[in-house]
>>> print(open('my_file-v2.cif').read())   # mmCIF, N, CA and C atoms
data_final
loop_
_atom_site.label_atom_id
_atom_site.label_comp_id
_atom_site.auth_asym_id
_atom_site.auth_seq_id
_atom_site.Cartn_x
_atom_site.Cartn_y
_atom_site.Cartn_z
N MET A 175 -19.45 31.41 -4.01
CA MET A 175 -19.12 30.50 -2.95
C MET A 175 -18.35 31.26 -1.87
N ASP A 176 -18.57 30.89 -0.63
CA ASP A 176 -17.89 31.49 0.50
C ASP A 176 -16.37 31.27 0.36
N LYS A 177 -15.59 32.33 0.57
CA LYS A 177 -14.14 32.27 0.40
C LYS A 177 -13.51 31.21 1.32
N GLU A 178 -13.98 31.10 2.55
CA GLU A 178 -13.44 30.13 3.49
C GLU A 178 -13.68 28.69 3.00
N ILE A 179 -14.85 28.43 2.48
CA ILE A 179 -15.17 27.11 1.95
C ILE A 179 -14.31 26.82 0.72
N GLU A 180 -14.12 27.80 -0.11
CA GLU A 180 -13.29 27.64 -1.30
C GLU A 180 -11.86 27.27 -0.93
N GLU A 181 -11.31 27.91 0.09
CA GLU A 181 -9.96 27.61 0.56
C GLU A 181 -9.87 26.19 1.12
N LEU A 182 -10.89 25.78 1.84
CA LEU A 182 -10.91 24.42 2.40
C LEU A 182 -10.95 23.37 1.28
N ILE A 183 -11.73 23.61 0.28
CA ILE A 183 -11.85 22.68 -0.83
C ILE A 183 -10.52 22.52 -1.56
N GLN A 184 -9.79 23.62 -1.70
CA GLN A 184 -8.50 23.56 -2.39
C GLN A 184 -7.45 22.78 -1.60
N ARG A 185 -7.61 22.70 -0.29
CA ARG A 185 -6.63 21.98 0.54
C ARG A 185 -6.90 20.49 0.62
N ILE A 186 -8.06 20.04 0.23
CA ILE A 186 -8.42 18.63 0.36
C ILE A 186 -7.44 17.70 -0.37
N PRO A 187 -7.13 17.93 -1.65
CA PRO A 187 -6.25 16.98 -2.34
C PRO A 187 -4.75 17.24 -2.14
N VAL A 188 -4.38 17.97 -1.13
CA VAL A 188 -2.98 18.30 -0.90
C VAL A 188 -2.38 17.32 0.12
N TYR A 189 -1.25 16.73 -0.25
CA TYR A 189 -0.58 15.79 0.64
C TYR A 189 -0.08 16.53 1.88
N GLN A 190 -0.38 15.99 3.03
CA GLN A 190 0.01 16.60 4.30
C GLN A 190 1.43 16.19 4.67
N LEU A 191 2.40 16.98 4.24
CA LEU A 191 3.81 16.64 4.47
C LEU A 191 4.15 16.52 5.96
N HIS A 192 3.49 17.31 6.79
CA HIS A 192 3.79 17.26 8.22
C HIS A 192 3.33 15.93 8.85
N GLU A 193 2.52 15.15 8.16
CA GLU A 193 2.06 13.85 8.66
C GLU A 193 2.81 12.68 8.01
N LYS A 194 3.72 12.98 7.12
CA LYS A 194 4.36 11.92 6.32
C LYS A 194 5.09 10.89 7.18
N LYS A 195 5.88 11.32 8.13
CA LYS A 195 6.65 10.39 8.95
C LYS A 195 5.72 9.42 9.69
N GLU A 196 4.65 9.94 10.28
CA GLU A 196 3.71 9.10 11.00
C GLU A 196 2.99 8.15 10.06
N LYS A 197 2.64 8.63 8.88
CA LYS A 197 1.96 7.78 7.91
C LYS A 197 2.87 6.64 7.45
N VAL A 198 4.12 6.97 7.17
CA VAL A 198 5.06 5.95 6.73
C VAL A 198 5.23 4.88 7.82
N TRP A 199 5.38 5.29 9.07
CA TRP A 199 5.50 4.32 10.16
C TRP A 199 4.24 3.48 10.29
N SER A 200 3.09 4.10 10.12
CA SER A 200 1.83 3.38 10.20
C SER A 200 1.72 2.33 9.09
N PHE A 201 2.06 2.72 7.86
CA PHE A 201 1.98 1.79 6.74
C PHE A 201 3.00 0.66 6.91
N TYR A 202 4.21 1.01 7.32
CA TYR A 202 5.24 0.01 7.53
C TYR A 202 4.81 -0.97 8.63
N SER A 203 4.25 -0.45 9.71
CA SER A 203 3.81 -1.30 10.82
C SER A 203 2.72 -2.26 10.37
N ALA A 204 1.77 -1.76 9.60
CA ALA A 204 0.70 -2.62 9.09
C ALA A 204 1.26 -3.69 8.16
N LEU A 205 2.18 -3.31 7.31
CA LEU A 205 2.83 -4.26 6.40
C LEU A 205 3.59 -5.32 7.22
N PHE A 206 4.31 -4.87 8.21
CA PHE A 206 5.11 -5.77 9.04
C PHE A 206 4.24 -6.78 9.79
N VAL A 207 3.21 -6.32 10.47
CA VAL A 207 2.38 -7.23 11.26
C VAL A 207 1.63 -8.22 10.36
N ASN A 208 1.21 -7.75 9.19
CA ASN A 208 0.54 -8.67 8.28
C ASN A 208 1.50 -9.71 7.74
N HIS A 209 2.71 -9.30 7.41
CA HIS A 209 3.69 -10.24 6.89
C HIS A 209 4.21 -11.19 7.96
N VAL A 210 4.65 -10.64 9.07
CA VAL A 210 5.32 -11.46 10.09
C VAL A 210 4.34 -12.31 10.88
N PHE A 211 3.21 -11.74 11.29
CA PHE A 211 2.31 -12.50 12.14
C PHE A 211 1.19 -13.19 11.35
N PHE A 212 0.36 -12.41 10.67
CA PHE A 212 -0.82 -13.00 10.04
C PHE A 212 -0.49 -13.93 8.87
N TRP A 213 0.54 -13.58 8.09
CA TRP A 213 0.92 -14.46 6.96
C TRP A 213 1.35 -15.83 7.49
N GLY A 214 2.14 -15.82 8.56
CA GLY A 214 2.57 -17.09 9.16
C GLY A 214 1.42 -17.88 9.74
N GLU A 215 0.50 -17.19 10.38
CA GLU A 215 -0.68 -17.86 10.94
C GLU A 215 -1.54 -18.47 9.85
N ALA A 216 -1.71 -17.75 8.76
CA ALA A 216 -2.51 -18.26 7.65
C ALA A 216 -1.87 -19.51 7.06
N ALA A 217 -0.55 -19.48 6.91
CA ALA A 217 0.16 -20.64 6.37
C ALA A 217 0.09 -21.82 7.34
N LYS A 218 0.29 -21.54 8.62
CA LYS A 218 0.27 -22.61 9.62
C LYS A 218 -1.10 -23.30 9.67
N ARG A 219 -2.16 -22.53 9.53
CA ARG A 219 -3.52 -23.07 9.61
C ARG A 219 -4.07 -23.50 8.25
N ASN A 220 -3.30 -23.22 7.20
CA ASN A 220 -3.77 -23.47 5.84
C ASN A 220 -5.15 -22.83 5.63
N ASP A 221 -5.25 -21.58 6.05
CA ASP A 221 -6.51 -20.82 6.02
C ASP A 221 -6.52 -19.92 4.79
N LEU A 222 -7.23 -20.35 3.77
CA LEU A 222 -7.26 -19.62 2.50
C LEU A 222 -7.87 -18.23 2.66
N TYR A 223 -8.91 -18.11 3.47
CA TYR A 223 -9.51 -16.78 3.69
C TYR A 223 -8.48 -15.83 4.28
N LEU A 224 -7.83 -16.25 5.36
CA LEU A 224 -6.86 -15.37 6.02
C LEU A 224 -5.69 -15.06 5.09
N LYS A 225 -5.23 -16.05 4.36
CA LYS A 225 -4.11 -15.84 3.43
C LYS A 225 -4.49 -14.82 2.35
N THR A 226 -5.72 -14.93 1.84
CA THR A 226 -6.19 -14.00 0.82
C THR A 226 -6.31 -12.59 1.38
N ARG A 227 -6.88 -12.49 2.57
CA ARG A 227 -7.05 -11.19 3.23
C ARG A 227 -5.69 -10.54 3.51
N VAL A 228 -4.77 -11.31 4.04
CA VAL A 228 -3.45 -10.80 4.40
C VAL A 228 -2.68 -10.41 3.15
N ALA A 229 -2.78 -11.18 2.09
CA ALA A 229 -2.10 -10.84 0.84
C ALA A 229 -2.56 -9.46 0.36
N SER A 230 -3.85 -9.21 0.42
CA SER A 230 -4.38 -7.91 0.01
C SER A 230 -3.86 -6.79 0.90
N GLU A 231 -3.77 -7.04 2.20
CA GLU A 231 -3.25 -6.03 3.12
C GLU A 231 -1.77 -5.76 2.89
N ILE A 232 -1.01 -6.81 2.62
CA ILE A 232 0.42 -6.64 2.35
C ILE A 232 0.62 -5.76 1.12
N VAL A 233 -0.13 -6.04 0.06
CA VAL A 233 -0.02 -5.24 -1.16
C VAL A 233 -0.50 -3.82 -0.89
N LEU A 234 -1.63 -3.66 -0.22
CA LEU A 234 -2.17 -2.33 0.07
C LEU A 234 -1.13 -1.46 0.79
N PHE A 235 -0.56 -1.97 1.87
CA PHE A 235 0.34 -1.13 2.65
C PHE A 235 1.71 -0.99 2.00
N GLY A 236 2.14 -1.98 1.24
CA GLY A 236 3.37 -1.82 0.47
C GLY A 236 3.22 -0.71 -0.57
N LEU A 237 2.09 -0.69 -1.25
CA LEU A 237 1.85 0.34 -2.26
C LEU A 237 1.59 1.70 -1.63
N ARG A 238 0.97 1.71 -0.47
CA ARG A 238 0.77 3.00 0.22
C ARG A 238 2.10 3.60 0.66
N LEU A 239 3.08 2.76 0.99
CA LEU A 239 4.43 3.27 1.28
C LEU A 239 5.01 3.97 0.05
N ILE A 240 4.81 3.39 -1.10
CA ILE A 240 5.31 3.98 -2.34
C ILE A 240 4.60 5.30 -2.62
N LEU A 241 3.29 5.35 -2.42
CA LEU A 241 2.55 6.60 -2.61
C LEU A 241 3.05 7.67 -1.63
N ALA A 242 3.28 7.28 -0.38
CA ALA A 242 3.77 8.24 0.62
C ALA A 242 5.15 8.77 0.23
N TYR A 243 6.00 7.89 -0.25
CA TYR A 243 7.33 8.32 -0.68
C TYR A 243 7.23 9.40 -1.76
N ASN A 244 6.21 9.29 -2.59
CA ASN A 244 5.98 10.24 -3.68
C ASN A 244 5.06 11.40 -3.29
N ASN A 245 4.71 11.49 -2.00
CA ASN A 245 3.80 12.54 -1.52
C ASN A 245 2.48 12.52 -2.28
N ARG A 246 1.99 11.35 -2.53
CA ARG A 246 0.75 11.17 -3.28
C ARG A 246 -0.32 10.61 -2.36
N LEU A 247 -1.48 11.21 -2.37
CA LEU A 247 -2.59 10.73 -1.56
C LEU A 247 -3.11 9.40 -2.09
N PHE A 248 -3.62 8.58 -1.19
CA PHE A 248 -4.27 7.33 -1.54
C PHE A 248 -5.70 7.68 -1.96
N PRO A 249 -6.04 7.48 -3.23
CA PRO A 249 -7.35 7.92 -3.69
C PRO A 249 -8.48 7.05 -3.15
N CYS A 250 -8.41 5.76 -3.37
CA CYS A 250 -9.34 4.76 -2.88
C CYS A 250 -8.86 3.42 -3.44
N HIS A 251 -9.45 2.35 -2.99
CA HIS A 251 -9.01 1.03 -3.46
C HIS A 251 -9.16 0.89 -4.98
N LYS A 252 -10.21 1.45 -5.51
CA LYS A 252 -10.48 1.34 -6.95
C LYS A 252 -9.34 1.91 -7.78
N TRP A 253 -8.69 2.97 -7.30
CA TRP A 253 -7.66 3.66 -8.08
C TRP A 253 -6.24 3.44 -7.56
N LEU A 254 -6.05 2.51 -6.63
CA LEU A 254 -4.73 2.30 -6.04
C LEU A 254 -3.67 1.96 -7.09
N MET A 255 -3.93 0.97 -7.90
CA MET A 255 -2.92 0.53 -8.89
C MET A 255 -2.62 1.65 -9.89
N SER A 256 -3.64 2.37 -10.31
CA SER A 256 -3.43 3.49 -11.25
C SER A 256 -2.59 4.58 -10.61
N ALA A 257 -2.87 4.89 -9.34
CA ALA A 257 -2.12 5.94 -8.65
C ALA A 257 -0.65 5.55 -8.53
N VAL A 258 -0.38 4.31 -8.16
CA VAL A 258 1.01 3.86 -8.04
C VAL A 258 1.68 3.87 -9.41
N ASN A 259 0.95 3.46 -10.41
CA ASN A 259 1.50 3.43 -11.77
C ASN A 259 1.90 4.83 -12.25
N GLU A 260 1.21 5.86 -11.76
CA GLU A 260 1.46 7.24 -12.20
C GLU A 260 2.62 7.92 -11.48
N VAL A 261 3.01 7.44 -10.31
CA VAL A 261 4.07 8.14 -9.58
C VAL A 261 5.43 7.89 -10.23
N PRO A 262 6.32 8.88 -10.15
CA PRO A 262 7.61 8.73 -10.82
C PRO A 262 8.60 7.82 -10.08
N ASN A 263 8.54 7.83 -8.76
CA ASN A 263 9.52 7.08 -7.96
C ASN A 263 8.89 5.82 -7.41
N LYS A 264 9.10 4.73 -8.13
CA LYS A 264 8.58 3.44 -7.70
C LYS A 264 9.52 2.35 -8.18
N PRO A 265 9.54 1.24 -7.48
CA PRO A 265 10.37 0.13 -7.94
C PRO A 265 9.88 -0.38 -9.30
N GLU A 266 10.82 -0.76 -10.12
CA GLU A 266 10.47 -1.25 -11.45
C GLU A 266 9.62 -2.52 -11.34
N GLY A 267 8.54 -2.54 -12.07
CA GLY A 267 7.68 -3.72 -12.12
C GLY A 267 6.84 -3.96 -10.88
N ILE A 268 6.66 -2.96 -10.03
CA ILE A 268 5.95 -3.17 -8.76
C ILE A 268 4.50 -3.60 -8.96
N ILE A 269 3.81 -3.04 -9.93
CA ILE A 269 2.41 -3.42 -10.16
C ILE A 269 2.33 -4.88 -10.61
N GLU A 270 3.20 -5.27 -11.52
CA GLU A 270 3.20 -6.64 -12.01
C GLU A 270 3.54 -7.62 -10.88
N LYS A 271 4.48 -7.23 -10.03
CA LYS A 271 4.86 -8.10 -8.91
C LYS A 271 3.74 -8.19 -7.88
N ALA A 272 3.05 -7.10 -7.67
CA ALA A 272 1.90 -7.12 -6.74
C ALA A 272 0.82 -8.05 -7.29
N ASN A 273 0.53 -7.92 -8.57
CA ASN A 273 -0.50 -8.77 -9.18
C ASN A 273 -0.09 -10.24 -9.16
N THR A 274 1.17 -10.51 -9.43
CA THR A 274 1.66 -11.89 -9.40
C THR A 274 1.56 -12.45 -7.99
N PHE A 275 1.95 -11.66 -7.01
CA PHE A 275 1.84 -12.10 -5.61
C PHE A 275 0.39 -12.39 -5.24
N LEU A 276 -0.53 -11.54 -5.64
CA LEU A 276 -1.93 -11.75 -5.32
C LEU A 276 -2.47 -13.02 -5.99
N GLN A 277 -1.94 -13.35 -7.14
CA GLN A 277 -2.41 -14.54 -7.86
C GLN A 277 -1.74 -15.82 -7.34
N CYS A 278 -0.46 -15.75 -6.98
CA CYS A 278 0.32 -16.92 -6.55
C CYS A 278 0.98 -16.59 -5.23
N ARG A 279 0.20 -16.38 -4.22
CA ARG A 279 0.66 -15.81 -2.96
C ARG A 279 1.90 -16.48 -2.36
N GLN A 280 1.89 -17.74 -2.18
CA GLN A 280 2.96 -18.39 -1.42
C GLN A 280 4.33 -18.19 -2.05
N MET A 281 4.41 -18.31 -3.35
CA MET A 281 5.72 -18.28 -4.00
C MET A 281 6.25 -16.87 -4.22
N LYS A 282 5.40 -15.88 -4.23
CA LYS A 282 5.82 -14.56 -4.68
C LYS A 282 5.91 -13.50 -3.59
N ILE A 283 5.65 -13.84 -2.35
CA ILE A 283 5.66 -12.81 -1.30
C ILE A 283 7.04 -12.18 -1.16
N LYS A 284 8.09 -12.98 -1.19
CA LYS A 284 9.44 -12.42 -1.01
C LYS A 284 9.81 -11.50 -2.16
N ILE A 285 9.43 -11.86 -3.37
CA ILE A 285 9.73 -11.01 -4.53
C ILE A 285 9.04 -9.66 -4.37
N PHE A 286 7.77 -9.66 -3.98
CA PHE A 286 7.04 -8.41 -3.79
C PHE A 286 7.66 -7.58 -2.67
N LEU A 287 7.92 -8.20 -1.52
CA LEU A 287 8.46 -7.45 -0.38
C LEU A 287 9.85 -6.91 -0.67
N LEU A 288 10.68 -7.67 -1.35
CA LEU A 288 12.01 -7.17 -1.70
C LEU A 288 11.93 -6.01 -2.68
N THR A 289 10.90 -6.00 -3.51
CA THR A 289 10.72 -4.89 -4.43
C THR A 289 10.29 -3.62 -3.70
N VAL A 290 9.40 -3.76 -2.71
CA VAL A 290 8.94 -2.60 -1.94
C VAL A 290 10.11 -1.99 -1.16
N PHE A 291 10.91 -2.83 -0.56
CA PHE A 291 12.02 -2.32 0.26
C PHE A 291 13.28 -2.24 -0.52
#
>>> encode(input="my_file-v2.cif", output="structure tokens")
Amino acid sequence: MDKEIEELIQRIPVYQLHEKKEKVWSFYSALFVNHVFFWGEAAKRNDLYLKTRVASEIVLFGLRLILAYNNRLFPCHKWLMSAVNEVPNKPEGIIEKANTFLQCRQMKIKIFLLTVF
């Protein structure tokens, strides 16, 4: 294999520390807008689709913040919970709280968000 290609392949799964600050702000911003704006709109309209979509986004970006804190790449949606479960620095019970929030959205959003922050 070409040496240049080999070097590129080895860099793919490496967390880009120089992008961490921007990524954290991006994830926090997405979490914030989904929680503050879209969650309220979904509740006001009693829109189950929007509430379900926003709940997934809140969990996604909350967990991506935890992965970023641990310098861990986001593998894909299929492996998100496993990746968070494997990192050493995470709030206790975060996966269970995320799952509970996704199942009982209205009552558990504050518990999940307080755990992330």
>>> resolve_selection(input="my_file-v2.cif", expression="the PyMOL selection byres (((chain A and resi 284 and name CA) around 12) and name CA)", output="mmCIF file with N, CA and C atoms, in the coordinates of the input")
data_model
loop_
_atom_site.group_PDB
_atom_site.id
_atom_site.type_symbol
_atom_site.label_atom_id
_atom_site.label_comp_id
_atom_site.auth_asym_id
_atom_site.auth_seq_id
_atom_site.Cartn_x
_atom_site.Cartn_y
_atom_site.Cartn_z
ATOM 1 N N HIS A 209 2.710 -9.300 7.410
ATOM 2 C CA HIS A 209 3.690 -10.240 6.890
ATOM 3 C C HIS A 209 4.210 -11.190 7.960
ATOM 4 N N VAL A 210 4.650 -10.640 9.070
ATOM 5 C CA VAL A 210 5.320 -11.460 10.090
ATOM 6 C C VAL A 210 4.340 -12.310 10.880
ATOM 7 N N TRP A 213 0.540 -13.580 8.090
ATOM 8 C CA TRP A 213 0.920 -14.460 6.960
ATOM 9 C C TRP A 213 1.350 -15.830 7.490
ATOM 10 N N ALA A 229 -2.780 -11.180 2.090
ATOM 11 C CA ALA A 229 -2.100 -10.840 0.840
ATOM 12 C C ALA A 229 -2.560 -9.460 0.360
ATOM 13 N N ILE A 232 -1.010 -6.810 2.620
ATOM 14 C CA ILE A 232 0.420 -6.640 2.350
ATOM 15 C C ILE A 232 0.620 -5.760 1.120
ATOM 16 N N VAL A 233 -0.130 -6.040 0.060
ATOM 17 C CA VAL A 233 -0.020 -5.240 -1.160
ATOM 18 C C VAL A 233 -0.500 -3.820 -0.890
ATOM 19 N N LYS A 271 4.480 -7.230 -10.030
ATOM 20 C CA LYS A 271 4.860 -8.100 -8.910
ATOM 21 C C LYS A 271 3.740 -8.190 -7.880
ATOM 22 N N ALA A 272 3.050 -7.100 -7.670
ATOM 23 C CA ALA A 272 1.900 -7.120 -6.740
ATOM 24 C C ALA A 272 0.820 -8.050 -7.290
ATOM 25 N N THR A 274 1.170 -10.510 -9.430
ATOM 26 C CA THR A 274 1.660 -11.890 -9.400
ATOM 27 C C THR A 274 1.560 -12.450 -7.990
ATOM 28 N N PHE A 275 1.950 -11.660 -7.010
ATOM 29 C CA PHE A 275 1.840 -12.100 -5.610
ATOM 30 C C PHE A 275 0.390 -12.390 -5.240
ATOM 31 N N CYS A 278 -0.460 -15.750 -6.980
ATOM 32 C CA CYS A 278 0.320 -16.920 -6.550
ATOM 33 C C CYS A 278 0.980 -16.590 -5.230
ATOM 34 N N ARG A 279 0.200 -16.380 -4.220
ATOM 35 C CA ARG A 279 0.660 -15.810 -2.960
ATOM 36 C C ARG A 279 1.900 -16.480 -2.360
ATOM 37 N N GLN A 280 1.890 -17.740 -2.180
ATOM 38 C CA GLN A 280 2.960 -18.390 -1.420
ATOM 39 C C GLN A 280 4.330 -18.190 -2.050
ATOM 40 N N MET A 281 4.410 -18.310 -3.350
ATOM 41 C CA MET A 281 5.720 -18.280 -4.000
ATOM 42 C C MET A 281 6.250 -16.870 -4.220
ATOM 43 N N LYS A 282 5.400 -15.880 -4.230
ATOM 44 C CA LYS A 282 5.820 -14.560 -4.680
ATOM 45 C C LYS A 282 5.910 -13.500 -3.590
ATOM 46 N N ILE A 283 5.650 -13.840 -2.350
ATOM 47 C CA ILE A 283 5.660 -12.810 -1.300
ATOM 48 C C ILE A 283 7.040 -12.180 -1.160
ATOM 49 N N ILE A 285 9.430 -11.860 -3.370
ATOM 50 C CA ILE A 285 9.730 -11.010 -4.530
ATOM 51 C C ILE A 285 9.040 -9.660 -4.370
ATOM 52 N N PHE A 286 7.770 -9.660 -3.980
ATOM 53 C CA PHE A 286 7.040 -8.410 -3.790
ATOM 54 C C PHE A 286 7.660 -7.580 -2.670
ATOM 55 N N LEU A 287 7.920 -8.200 -1.520
ATOM 56 C CA LEU A 287 8.460 -7.450 -0.380
ATOM 57 C C LEU A 287 9.850 -6.910 -0.670
ATOM 58 N N LEU A 288 10.680 -7.670 -1.350
ATOM 59 C CA LEU A 288 12.010 -7.170 -1.700
ATOM 60 C C LEU A 288 11.930 -6.010 -2.680
ATOM 61 N N THR A 289 10.900 -6.000 -3.510
ATOM 62 C CA THR A 289 10.720 -4.890 -4.430
ATOM 63 C C THR A 289 10.290 -3.620 -3.700
ATOM 64 N N VAL A 290 9.400 -3.760 -2.710
ATOM 65 C CA VAL A 290 8.940 -2.600 -1.940
ATOM 66 C C VAL A 290 10.110 -1.990 -1.160
ATOM 67 N N PHE A 291 10.910 -2.830 -0.560
ATOM 68 C CA PHE A 291 12.020 -2.320 0.260
ATOM 69 C C PHE A 291 13.280 -2.240 -0.520
#
>>> residues_around(input="my_file-v2.cif", residues="stretch 262-264 of chain A", least_positions_apart="4", cutoff="10 Å", atoms="only C-alpha atoms", output="ChimeraX atom specification")
/A:237,239-241,243-244,258,268-269,289-290
>>> closest_residue(input="my_file-v2.cif", among="A:Val198, A:Ile179, A:Ala204, A:Ile186", to="A:Ser230", atoms="only C-alpha atoms")
A:Ala204
>>> closest_residue(input="my_file-v2.cif", among="A:Asn208, A:Pro249, A:Arg219, A:Met255", to="A:Glu231", atoms="all atoms listed in the file")
A:Asn208
>>> select_by_dssp(input="my_file-v2.cif", residues="chain A", states="alpha helix (DSSP H)", output="PyMOL selection string")
chain A and resi 177-185+194-207+213-219+222-243+254-260+268-277+279-290
>>> atom_distance(input="my_file-v2.cif", atom1="atom CA of A:Glu270", atom2="atom CA of A:Leu254")
13.4 Å
>>> residues_around(input="my_file-v2.cif", residues="A:Val188", least_positions_apart="5", cutoff="8 Å", atoms="all atoms listed in the file", output="list in words")
Ile183, Asn245, Arg246 and Leu247 of chain A
>>> atom_distance(input="my_file-v2.cif", atom1="atom CA of A:Glu196", atom2="atom C of A:Cys250")
20.0 Å
>>> atom_distance(input="my_file-v2.cif", atom1="atom C of A:Phe212", atom2="atom CA of A:Val228")
6.2 Å
>>> closest_residue(input="my_file-v2.cif", among="A:Phe211, A:Phe201, A:Phe206, A:Tyr189", to="A:Leu234", atoms="only C-alpha atoms")
A:Phe201
>>> residues_around(input="my_file-v2.cif", residues="A:Glu215", least_positions_apart="6", cutoff="9 Å", atoms="only C-alpha atoms", output="list in words")
Asp221, Leu224 and Lys225 of chain A
>>> decode(input="my_file-v2.cif", residues="stretch 241-270 of chain A", atoms="C-alpha atoms", output="short mmCIF file (atom, residue, chain, number, x, y, z; two decimals), in the first residue's frame")
data_model
loop_
_atom_site.label_atom_id
_atom_site.label_comp_id
_atom_site.auth_asym_id
_atom_site.auth_seq_id
_atom_site.Cartn_x
_atom_site.Cartn_y
_atom_site.Cartn_z
CA LEU A 241 -18.07 12.01 23.87
CA ALA A 242 -16.29 15.29 23.09
CA TYR A 243 -15.33 15.73 26.73
CA ASN A 244 -13.69 12.29 26.50
CA ASN A 245 -12.04 13.05 23.12
CA ARG A 246 -14.04 10.22 21.61
CA LEU A 247 -15.31 10.29 18.04
CA PHE A 248 -19.02 9.83 17.35
CA PRO A 249 -19.10 6.49 15.55
CA CYS A 250 -22.68 6.58 14.17
CA HIS A 251 -26.19 6.52 15.56
CA LYS A 252 -26.14 2.73 15.81
CA TRP A 253 -23.19 2.80 18.23
CA LEU A 254 -23.87 6.04 20.14
CA MET A 255 -25.08 4.46 23.38
CA SER A 256 -22.26 1.89 23.36
CA ALA A 257 -19.65 4.59 22.75
CA VAL A 258 -20.93 6.71 25.64
CA ASN A 259 -21.13 3.64 27.85
CA GLU A 260 -17.43 2.92 27.16
CA VAL A 261 -16.01 6.36 28.02
CA PRO A 262 -14.57 6.80 31.50
CA ASN A 263 -15.80 10.33 32.22
CA LYS A 264 -19.56 10.44 32.10
CA PRO A 265 -22.35 11.31 34.49
CA GLU A 266 -23.56 8.35 36.49
CA GLY A 267 -26.59 6.70 34.94
CA ILE A 268 -26.57 8.86 31.80
CA ILE A 269 -27.62 6.05 29.44
CA GLU A 270 -30.50 5.03 31.69
#
